[in-house]
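Have a look at structure-v2.tsv; it's TSV, N, CA and C atoms:
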```tsv
chain	number	residue	atom	x	y	z
X	1	MET	N	-11.22	-128.27	141.37
X	1	MET	CA	-11.27	-128.37	139.92
X	1	MET	C	-12.25	-129.49	139.52
X	2	THR	N	-13.08	-129.20	138.56
X	2	THR	CA	-14.02	-130.20	138.05
X	2	THR	C	-13.28	-131.14	137.11
X	3	TYR	N	-13.35	-132.42	137.41
X	3	TYR	CA	-12.67	-133.44	136.64
X	3	TYR	C	-13.59	-133.99	135.54
X	4	LEU	N	-14.83	-134.28	135.93
X	4	LEU	CA	-15.82	-134.85	135.01
X	4	LEU	C	-17.17	-134.23	135.32
X	5	GLU	N	-17.87	-133.80	134.28
X	5	GLU	CA	-19.20	-133.24	134.48
X	5	GLU	C	-20.16	-133.83	133.44
X	6	VAL	N	-21.27	-134.32	133.92
X	6	VAL	CA	-22.31	-134.88	133.07
X	6	VAL	C	-23.55	-134.02	133.27
X	7	LYS	N	-24.04	-133.42	132.18
X	7	LYS	CA	-25.18	-132.50	132.27
X	7	LYS	C	-26.32	-132.95	131.38
X	8	ASN	N	-27.46	-133.19	132.01
X	8	ASN	CA	-28.72	-133.46	131.29
X	8	ASN	C	-28.58	-134.56	130.24
X	9	VAL	N	-27.85	-135.61	130.56
X	9	VAL	CA	-27.61	-136.68	129.59
X	9	VAL	C	-28.80	-137.63	129.54
X	10	THR	N	-29.22	-137.88	128.32
X	10	THR	CA	-30.31	-138.82	128.04
X	10	THR	C	-29.84	-139.76	126.94
X	11	HIS	N	-30.26	-141.01	127.02
X	11	HIS	CA	-29.95	-141.94	125.93
X	11	HIS	C	-31.16	-142.82	125.67
X	12	HIS	N	-31.54	-142.87	124.40
X	12	HIS	CA	-32.63	-143.72	123.95
X	12	HIS	C	-32.07	-144.78	123.01
X	13	PHE	N	-32.53	-145.99	123.17
X	13	PHE	CA	-32.24	-147.05	122.22
X	13	PHE	C	-33.45	-147.18	121.30
X	14	PHE	N	-33.20	-147.30	120.01
X	14	PHE	CA	-34.26	-147.44	119.02
X	14	PHE	C	-34.18	-148.82	118.41
X	15	LYS	N	-35.29	-149.55	118.46
X	15	LYS	CA	-35.33	-150.89	117.88
X	15	LYS	C	-36.73	-151.16	117.34
X	16	GLU	N	-36.76	-151.50	116.07
X	16	GLU	CA	-38.02	-151.86	115.41
X	16	GLU	C	-39.13	-150.85	115.70
X	17	GLN	N	-38.84	-149.59	115.45
X	17	GLN	CA	-39.78	-148.47	115.61
X	17	GLN	C	-40.28	-148.30	117.04
X	18	GLN	N	-39.52	-148.81	118.00
X	18	GLN	CA	-39.85	-148.59	119.41
X	18	GLN	C	-38.69	-147.85	120.06
X	19	VAL	N	-39.00	-147.07	121.07
X	19	VAL	CA	-37.99	-146.30	121.79
X	19	VAL	C	-37.94	-146.78	123.23
X	20	ALA	N	-36.74	-147.10	123.69
X	20	ALA	CA	-36.54	-147.47	125.09
X	20	ALA	C	-35.60	-146.44	125.70
X	21	THR	N	-36.01	-145.82	126.79
X	21	THR	CA	-35.18	-144.83	127.46
X	21	THR	C	-34.26	-145.55	128.44
X	22	ALA	N	-32.95	-145.47	128.19
X	22	ALA	CA	-31.97	-146.11	129.07
X	22	ALA	C	-31.55	-145.15	130.17
X	23	LEU	N	-31.39	-143.88	129.83
X	23	LEU	CA	-31.03	-142.83	130.79
X	23	LEU	C	-31.86	-141.60	130.49
X	24	GLU	N	-32.24	-140.90	131.52
X	24	GLU	CA	-33.01	-139.68	131.31
X	24	GLU	C	-32.57	-138.60	132.27
X	25	ASP	N	-32.05	-137.51	131.71
X	25	ASP	CA	-31.67	-136.31	132.46
X	25	ASP	C	-30.70	-136.63	133.61
X	26	VAL	N	-29.60	-137.31	133.29
X	26	VAL	CA	-28.59	-137.66	134.29
X	26	VAL	C	-27.63	-136.49	134.47
X	27	ASN	N	-27.37	-136.14	135.73
X	27	ASN	CA	-26.49	-135.04	136.07
X	27	ASN	C	-25.60	-135.44	137.23
X	28	PHE	N	-24.30	-135.25	137.09
X	28	PHE	CA	-23.39	-135.39	138.22
X	28	PHE	C	-22.05	-134.75	137.88
X	29	THR	N	-21.31	-134.43	138.93
X	29	THR	CA	-19.99	-133.82	138.81
X	29	THR	C	-19.02	-134.60	139.67
X	30	VAL	N	-17.83	-134.85	139.14
X	30	VAL	CA	-16.76	-135.46	139.91
X	30	VAL	C	-15.60	-134.47	139.93
X	31	ASN	N	-15.24	-134.05	141.13
X	31	ASN	CA	-14.13	-133.11	141.29
X	31	ASN	C	-12.83	-133.87	141.43
X	32	SER	N	-11.72	-133.20	141.20
X	32	SER	CA	-10.41	-133.80	141.33
X	32	SER	C	-10.25	-134.42	142.71
X	33	GLY	N	-9.78	-135.66	142.76
X	33	GLY	CA	-9.58	-136.36	144.02
X	33	GLY	C	-10.78	-137.13	144.53
X	34	GLU	N	-11.92	-137.02	143.86
X	34	GLU	CA	-13.13	-137.73	144.28
X	34	GLU	C	-13.26	-139.04	143.51
X	35	PHE	N	-14.02	-139.96	144.11
X	35	PHE	CA	-14.35	-141.23	143.48
X	35	PHE	C	-15.86	-141.36	143.44
X	36	VAL	N	-16.36	-142.03	142.41
X	36	VAL	CA	-17.80	-142.23	142.26
X	36	VAL	C	-18.06	-143.70	141.98
X	37	SER	N	-19.10	-144.23	142.60
X	37	SER	CA	-19.54	-145.60	142.35
X	37	SER	C	-20.97	-145.57	141.87
X	38	PHE	N	-21.30	-146.46	140.96
X	38	PHE	CA	-22.66	-146.60	140.48
X	38	PHE	C	-23.22	-147.91	141.00
X	39	LEU	N	-24.30	-147.83	141.73
X	39	LEU	CA	-24.95	-149.00	142.30
X	39	LEU	C	-26.40	-149.03	141.87
X	40	GLY	N	-26.91	-150.21	141.64
X	40	GLY	CA	-28.32	-150.32	141.30
X	40	GLY	C	-28.61	-151.68	140.69
X	41	PRO	N	-29.89	-151.95	140.53
X	41	PRO	CA	-30.29	-153.25	139.98
X	41	PRO	C	-29.97	-153.36	138.49
X	42	SER	N	-30.03	-154.56	138.00
X	42	SER	CA	-29.82	-154.83	136.59
X	42	SER	C	-30.80	-153.99	135.76
X	43	GLY	N	-30.27	-153.37	134.72
X	43	GLY	CA	-31.13	-152.61	133.82
X	43	GLY	C	-31.37	-151.17	134.22
X	44	CYS	N	-30.67	-150.67	135.25
X	44	CYS	CA	-30.93	-149.29	135.69
X	44	CYS	C	-30.09	-148.25	134.96
X	45	GLY	N	-29.10	-148.68	134.14
X	45	GLY	CA	-28.34	-147.72	133.33
X	45	GLY	C	-26.88	-147.56	133.72
X	46	LYS	N	-26.37	-148.40	134.60
X	46	LYS	CA	-24.97	-148.30	135.02
X	46	LYS	C	-24.01	-148.48	133.84
X	47	SER	N	-24.18	-149.54	133.09
X	47	SER	CA	-23.29	-149.82	131.96
X	47	SER	C	-23.48	-148.80	130.85
X	48	THR	N	-24.69	-148.38	130.61
X	48	THR	CA	-24.96	-147.37	129.58
X	48	THR	C	-24.26	-146.07	129.96
X	49	THR	N	-24.29	-145.70	131.23
X	49	THR	CA	-23.59	-144.49	131.68
X	49	THR	C	-22.10	-144.62	131.42
X	50	GLY	N	-21.51	-145.75	131.77
X	50	GLY	CA	-20.09	-145.97	131.53
X	50	GLY	C	-19.73	-145.92	130.06
X	51	ARG	N	-20.55	-146.52	129.24
X	51	ARG	CA	-20.30	-146.50	127.79
X	51	ARG	C	-20.39	-145.09	127.23
X	52	MET	N	-21.30	-144.29	127.77
X	52	MET	CA	-21.42	-142.91	127.30
X	52	MET	C	-20.25	-142.06	127.77
X	53	LEU	N	-19.74	-142.32	128.97
X	53	LEU	CA	-18.57	-141.58	129.45
X	53	LEU	C	-17.37	-141.83	128.56
X	54	MET	N	-17.25	-143.05	128.05
X	54	MET	CA	-16.16	-143.40	127.15
X	54	MET	C	-16.50	-143.08	125.69
X	55	ARG	N	-17.71	-142.65	125.47
X	55	ARG	CA	-18.30	-142.37	124.17
X	55	ARG	C	-18.24	-143.56	123.23
X	56	LEU	N	-18.49	-144.73	123.81
X	56	LEU	CA	-18.67	-145.92	122.98
X	56	LEU	C	-20.07	-145.91	122.38
X	57	ILE	N	-20.98	-145.21	123.07
X	57	ILE	CA	-22.28	-144.85	122.52
X	57	ILE	C	-22.46	-143.36	122.79
X	58	ASP	N	-23.15	-142.69	121.90
X	58	ASP	CA	-23.36	-141.25	122.04
X	58	ASP	C	-24.66	-140.97	122.77
X	59	PRO	N	-24.68	-139.91	123.58
X	59	PRO	CA	-25.94	-139.54	124.23
X	59	PRO	C	-26.93	-139.02	123.20
X	60	THR	N	-28.20	-139.26	123.45
X	60	THR	CA	-29.25	-138.70	122.62
X	60	THR	C	-29.33	-137.20	122.85
X	61	ASP	N	-29.05	-136.79	124.10
X	61	ASP	CA	-29.10	-135.38	124.48
X	61	ASP	C	-28.15	-135.16	125.65
X	62	GLY	N	-27.72	-133.94	125.86
X	62	GLY	CA	-26.87	-133.59	126.98
X	62	GLY	C	-25.41	-133.55	126.58
X	63	LYS	N	-24.54	-133.29	127.58
X	63	LYS	CA	-23.12	-133.23	127.27
X	63	LYS	C	-22.30	-133.80	128.41
X	64	VAL	N	-21.11	-134.29	128.03
X	64	VAL	CA	-20.15	-134.86	128.97
X	64	VAL	C	-18.85	-134.08	128.80
X	65	THR	N	-18.34	-133.55	129.91
X	65	THR	CA	-17.11	-132.76	129.88
X	65	THR	C	-16.08	-133.44	130.77
X	66	PHE	N	-14.90	-133.70	130.23
X	66	PHE	CA	-13.80	-134.32	130.97
X	66	PHE	C	-12.61	-133.37	130.91
X	67	GLN	N	-12.15	-132.92	132.07
X	67	GLN	CA	-11.04	-131.98	132.17
X	67	GLN	C	-11.21	-130.80	131.22
X	68	ASP	N	-12.37	-130.19	131.29
X	68	ASP	CA	-12.72	-128.99	130.51
X	68	ASP	C	-12.79	-129.22	129.00
X	69	ARG	N	-12.88	-130.46	128.55
X	69	ARG	CA	-13.08	-130.75	127.13
X	69	ARG	C	-14.41	-131.46	126.97
X	70	GLU	N	-15.25	-130.91	126.11
X	70	GLU	CA	-16.56	-131.54	125.87
X	70	GLU	C	-16.37	-132.76	124.98
X	71	LEU	N	-16.62	-133.93	125.55
X	71	LEU	CA	-16.40	-135.18	124.82
X	71	LEU	C	-17.39	-135.38	123.69
X	72	THR	N	-18.58	-134.86	123.84
X	72	THR	CA	-19.61	-135.08	122.82
X	72	THR	C	-19.31	-134.35	121.52
X	73	SER	N	-18.33	-133.43	121.54
X	73	SER	CA	-18.01	-132.69	120.31
X	73	SER	C	-16.70	-133.17	119.66
X	74	LEU	N	-16.02	-134.14	120.27
X	74	LEU	CA	-14.75	-134.62	119.71
X	74	LEU	C	-14.98	-135.57	118.55
X	75	SER	N	-14.03	-135.57	117.61
X	75	SER	CA	-14.08	-136.54	116.50
X	75	SER	C	-13.75	-137.92	117.05
X	76	ASN	N	-13.98	-138.94	116.25
X	76	ASN	CA	-13.68	-140.31	116.67
X	76	ASN	C	-12.20	-140.51	116.98
X	77	SER	N	-11.32	-139.94	116.15
X	77	SER	CA	-9.87	-140.10	116.38
X	77	SER	C	-9.45	-139.35	117.65
X	78	GLU	N	-9.99	-138.17	117.89
X	78	GLU	CA	-9.69	-137.44	119.13
X	78	GLU	C	-10.19	-138.21	120.35
X	79	MET	N	-11.35	-138.81	120.21
X	79	MET	CA	-11.94	-139.54	121.32
X	79	MET	C	-11.12	-140.79	121.65
X	80	ARG	N	-10.57	-141.46	120.65
X	80	ARG	CA	-9.73	-142.63	120.91
X	80	ARG	C	-8.56	-142.26	121.81
X	81	LYS	N	-7.95	-141.11	121.57
X	81	LYS	CA	-6.83	-140.65	122.40
X	81	LYS	C	-7.30	-140.32	123.81
X	82	MET	N	-8.47	-139.73	123.95
X	82	MET	CA	-8.99	-139.34	125.26
X	82	MET	C	-9.36	-140.55	126.11
X	83	ARG	N	-9.74	-141.64	125.50
X	83	ARG	CA	-10.16	-142.83	126.26
X	83	ARG	C	-9.05	-143.33	127.18
X	84	ARG	N	-7.81	-143.21	126.75
X	84	ARG	CA	-6.69	-143.63	127.61
X	84	ARG	C	-6.66	-142.81	128.90
X	85	GLU	N	-6.92	-141.52	128.79
X	85	GLU	CA	-6.91	-140.65	129.96
X	85	GLU	C	-8.14	-140.90	130.85
X	86	ILE	N	-9.27	-141.17	130.24
X	86	ILE	CA	-10.50	-141.36	130.99
X	86	ILE	C	-10.45	-142.64	131.81
X	87	GLN	N	-9.88	-143.68	131.25
X	87	GLN	CA	-9.82	-144.96	131.96
X	87	GLN	C	-9.10	-144.80	133.27
```

As a first step, turn the structure in this file into structure tokens.
Amino acid sequence: MTYLEVKNVTHHFFKEQQVATALEDVNFTVNSGEFVSFLGPSGCGKSTTGRMLMRLIDPTDGKVTFQDRELTSLSNSEMRKMRREIQ
């Protein structure tokens, strides 16, 4: 069973008419019973990925599915309830 699926996720930060790409076309799947670790140097997108999984920031493009529910389409109140399960 697929527990978490991230498909084609991209995130851009916009500041003072400039665009910085934090994540580009990220894809991964976590099946039930699996564990995933994110490793990499500072600034590679580990924290941004985590924030997007919790939907503390929204992806610019792509979708995140947790237990067959697409997180990117949930309302803020629905997402608050889901965060307890995601943690």

What's around Cys44 in chain X at 8 Å? Count only N, CA and C atoms, leave out sequence neighbours fewer than 4 positions away in its own chain, and write the answer as a PDB file with N, CA and C atoms, in the coordinates of the input.
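Contents of out.pdb, as written:
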```pdb
ATOM      1  N   ALA X  22     -32.950-145.470 128.190  1.00  0.00           N
ATOM      2  CA  ALA X  22     -31.970-146.110 129.070  1.00  0.00           C
ATOM      3  C   ALA X  22     -31.550-145.150 130.170  1.00  0.00           C
ATOM      4  N   LEU X  23     -31.390-143.880 129.830  1.00  0.00           N
ATOM      5  CA  LEU X  23     -31.030-142.830 130.790  1.00  0.00           C
ATOM      6  C   LEU X  23     -31.860-141.600 130.490  1.00  0.00           C
ATOM      7  N   LEU X  39     -24.300-147.830 141.730  1.00  0.00           N
ATOM      8  CA  LEU X  39     -24.950-149.000 142.300  1.00  0.00           C
ATOM      9  C   LEU X  39     -26.400-149.030 141.870  1.00  0.00           C
ATOM     10  N   GLY X  40     -26.910-150.210 141.640  1.00  0.00           N
ATOM     11  CA  GLY X  40     -28.320-150.320 141.300  1.00  0.00           C
ATOM     12  C   GLY X  40     -28.610-151.680 140.690  1.00  0.00           C
ATOM     13  N   THR X  48     -24.690-148.380 130.610  1.00  0.00           N
ATOM     14  CA  THR X  48     -24.960-147.370 129.580  1.00  0.00           C
ATOM     15  C   THR X  48     -24.260-146.070 129.960  1.00  0.00           C
ATOM     16  N   THR X  49     -24.290-145.700 131.230  1.00  0.00           N
ATOM     17  CA  THR X  49     -23.590-144.490 131.680  1.00  0.00           C
ATOM     18  C   THR X  49     -22.100-144.620 131.420  1.00  0.00           C
TER      19      THR X  49
END
```

Env of range 64-72 of chain X: 7 Å cut, atoms = all atoms listed in the file, seq-sep filter 2 positions within chain, self excluded. Answer as a list in words.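 The residues that qualify are Thr2, Tyr3, Leu4, Glu5, Val6, Lys7, Leu53, Gly62, Leu74 and Ser75 of chain X.
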
Write to file, as a PDB file, in the coordinates of the input, the residues of the selection just made, with N, CA and C atoms.
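Result file follows (out21.pdb):
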```
ATOM      1  N   THR X   2     -13.080-129.200 138.560  1.00  0.00           N
ATOM      2  CA  THR X   2     -14.020-130.200 138.050  1.00  0.00           C
ATOM      3  C   THR X   2     -13.280-131.140 137.110  1.00  0.00           C
ATOM      4  N   TYR X   3     -13.350-132.420 137.410  1.00  0.00           N
ATOM      5  CA  TYR X   3     -12.670-133.440 136.640  1.00  0.00           C
ATOM      6  C   TYR X   3     -13.590-133.990 135.540  1.00  0.00           C
ATOM      7  N   LEU X   4     -14.830-134.280 135.930  1.00  0.00           N
ATOM      8  CA  LEU X   4     -15.820-134.850 135.010  1.00  0.00           C
ATOM      9  C   LEU X   4     -17.170-134.230 135.320  1.00  0.00           C
ATOM     10  N   GLU X   5     -17.870-133.800 134.280  1.00  0.00           N
ATOM     11  CA  GLU X   5     -19.200-133.240 134.480  1.00  0.00           C
ATOM     12  C   GLU X   5     -20.160-133.830 133.440  1.00  0.00           C
ATOM     13  N   VAL X   6     -21.270-134.320 133.920  1.00  0.00           N
ATOM     14  CA  VAL X   6     -22.310-134.880 133.070  1.00  0.00           C
ATOM     15  C   VAL X   6     -23.550-134.020 133.270  1.00  0.00           C
ATOM     16  N   LYS X   7     -24.040-133.420 132.180  1.00  0.00           N
ATOM     17  CA  LYS X   7     -25.180-132.500 132.270  1.00  0.00           C
ATOM     18  C   LYS X   7     -26.320-132.950 131.380  1.00  0.00           C
ATOM     19  N   LEU X  53     -19.740-142.320 128.970  1.00  0.00           N
ATOM     20  CA  LEU X  53     -18.570-141.580 129.450  1.00  0.00           C
ATOM     21  C   LEU X  53     -17.370-141.830 128.560  1.00  0.00           C
ATOM     22  N   GLY X  62     -27.720-133.940 125.860  1.00  0.00           N
ATOM     23  CA  GLY X  62     -26.870-133.590 126.980  1.00  0.00           C
ATOM     24  C   GLY X  62     -25.410-133.550 126.580  1.00  0.00           C
ATOM     25  N   LEU X  74     -16.020-134.140 120.270  1.00  0.00           N
ATOM     26  CA  LEU X  74     -14.750-134.620 119.710  1.00  0.00           C
ATOM     27  C   LEU X  74     -14.980-135.570 118.550  1.00  0.00           C
ATOM     28  N   SER X  75     -14.030-135.570 117.610  1.00  0.00           N
ATOM     29  CA  SER X  75     -14.080-136.540 116.500  1.00  0.00           C
ATOM     30  C   SER X  75     -13.750-137.920 117.050  1.00  0.00           C
TER      31      SER X  75
END
```

Expressed in Å to a single decimal, how great is the separation between atom C of Ser32 in chain X and atom N of Met1 in chain X? 6.4 Å

Determine, counting only C-alpha atoms, which protein, DNA and RNA residues have an atom within 12 Å of an atom of Gln87 in chain X; residues of the same chain fewer than 5 positions away are not included. Present the result as a VMD selection string. chain X and resid 50 to 51 53 to 55 66 80 to 82

CA of Gly33 in chain X and CA of His11 in chain X, how far apart in Å?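 So the two atoms, CA of His11 in chain X and CA of Gly33 in chain X, lie 27.8 Å apart.
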
Among chain X, which residues carry a DSSP assignment of alpha helix (DSSP H), reported as a VMD selection string? chain X and resid 46 to 53 76 to 86

DSSP-assigned strand (DSSP E or B) members of chain X, reported as a PyMOL selection string: chain X and resi 2-15+18-31+61-66+69-70

Report, in Å to a single decimal, how far apart atom N of Thr21 in chain X and atom C of Lys46 in chain X are.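 Taking atom C of Lys46 in chain X as the start and atom N of Thr21 in chain X as the end point, the length is 14.2 Å.
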
Residues within 6 Å of Asp25 in chain X, please, as a PDB file with N, CA and C atoms, in the coordinates of the input. Count all atoms listed in the file; anything in the same chain fewer than 6 positions from it doesn't count.
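Below is the file that was written, out-v2.pdb:
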```pdb
ATOM      1  N   ASN X   8     -27.460-133.190 132.010  1.00  0.00           N
ATOM      2  CA  ASN X   8     -28.720-133.460 131.290  1.00  0.00           C
ATOM      3  C   ASN X   8     -28.580-134.560 130.240  1.00  0.00           C
ATOM      4  N   VAL X   9     -27.850-135.610 130.560  1.00  0.00           N
ATOM      5  CA  VAL X   9     -27.610-136.680 129.590  1.00  0.00           C
ATOM      6  C   VAL X   9     -28.800-137.630 129.540  1.00  0.00           C
ATOM      7  N   THR X  10     -29.220-137.880 128.320  1.00  0.00           N
ATOM      8  CA  THR X  10     -30.310-138.820 128.040  1.00  0.00           C
ATOM      9  C   THR X  10     -29.840-139.760 126.940  1.00  0.00           C
TER      10      THR X  10
END
```

Report as JSON the centre and the edge lengths, in Å to one decimal, of the axis-aligned box holding every listed atom of range 49-59 of chain X, padded by 3 Å on each side.
```
{"center_x": -21.5, "center_y": -142.8, "center_z": 126.8, "size_x": 16.8, "size_y": 13.5, "size_z": 15.9}
```

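Closest approach to Gly45 in chain X among X:His12, X:Thr29, X:Asp61, X:Arg83 is made by X:His12 (distances from only C-alpha atoms).
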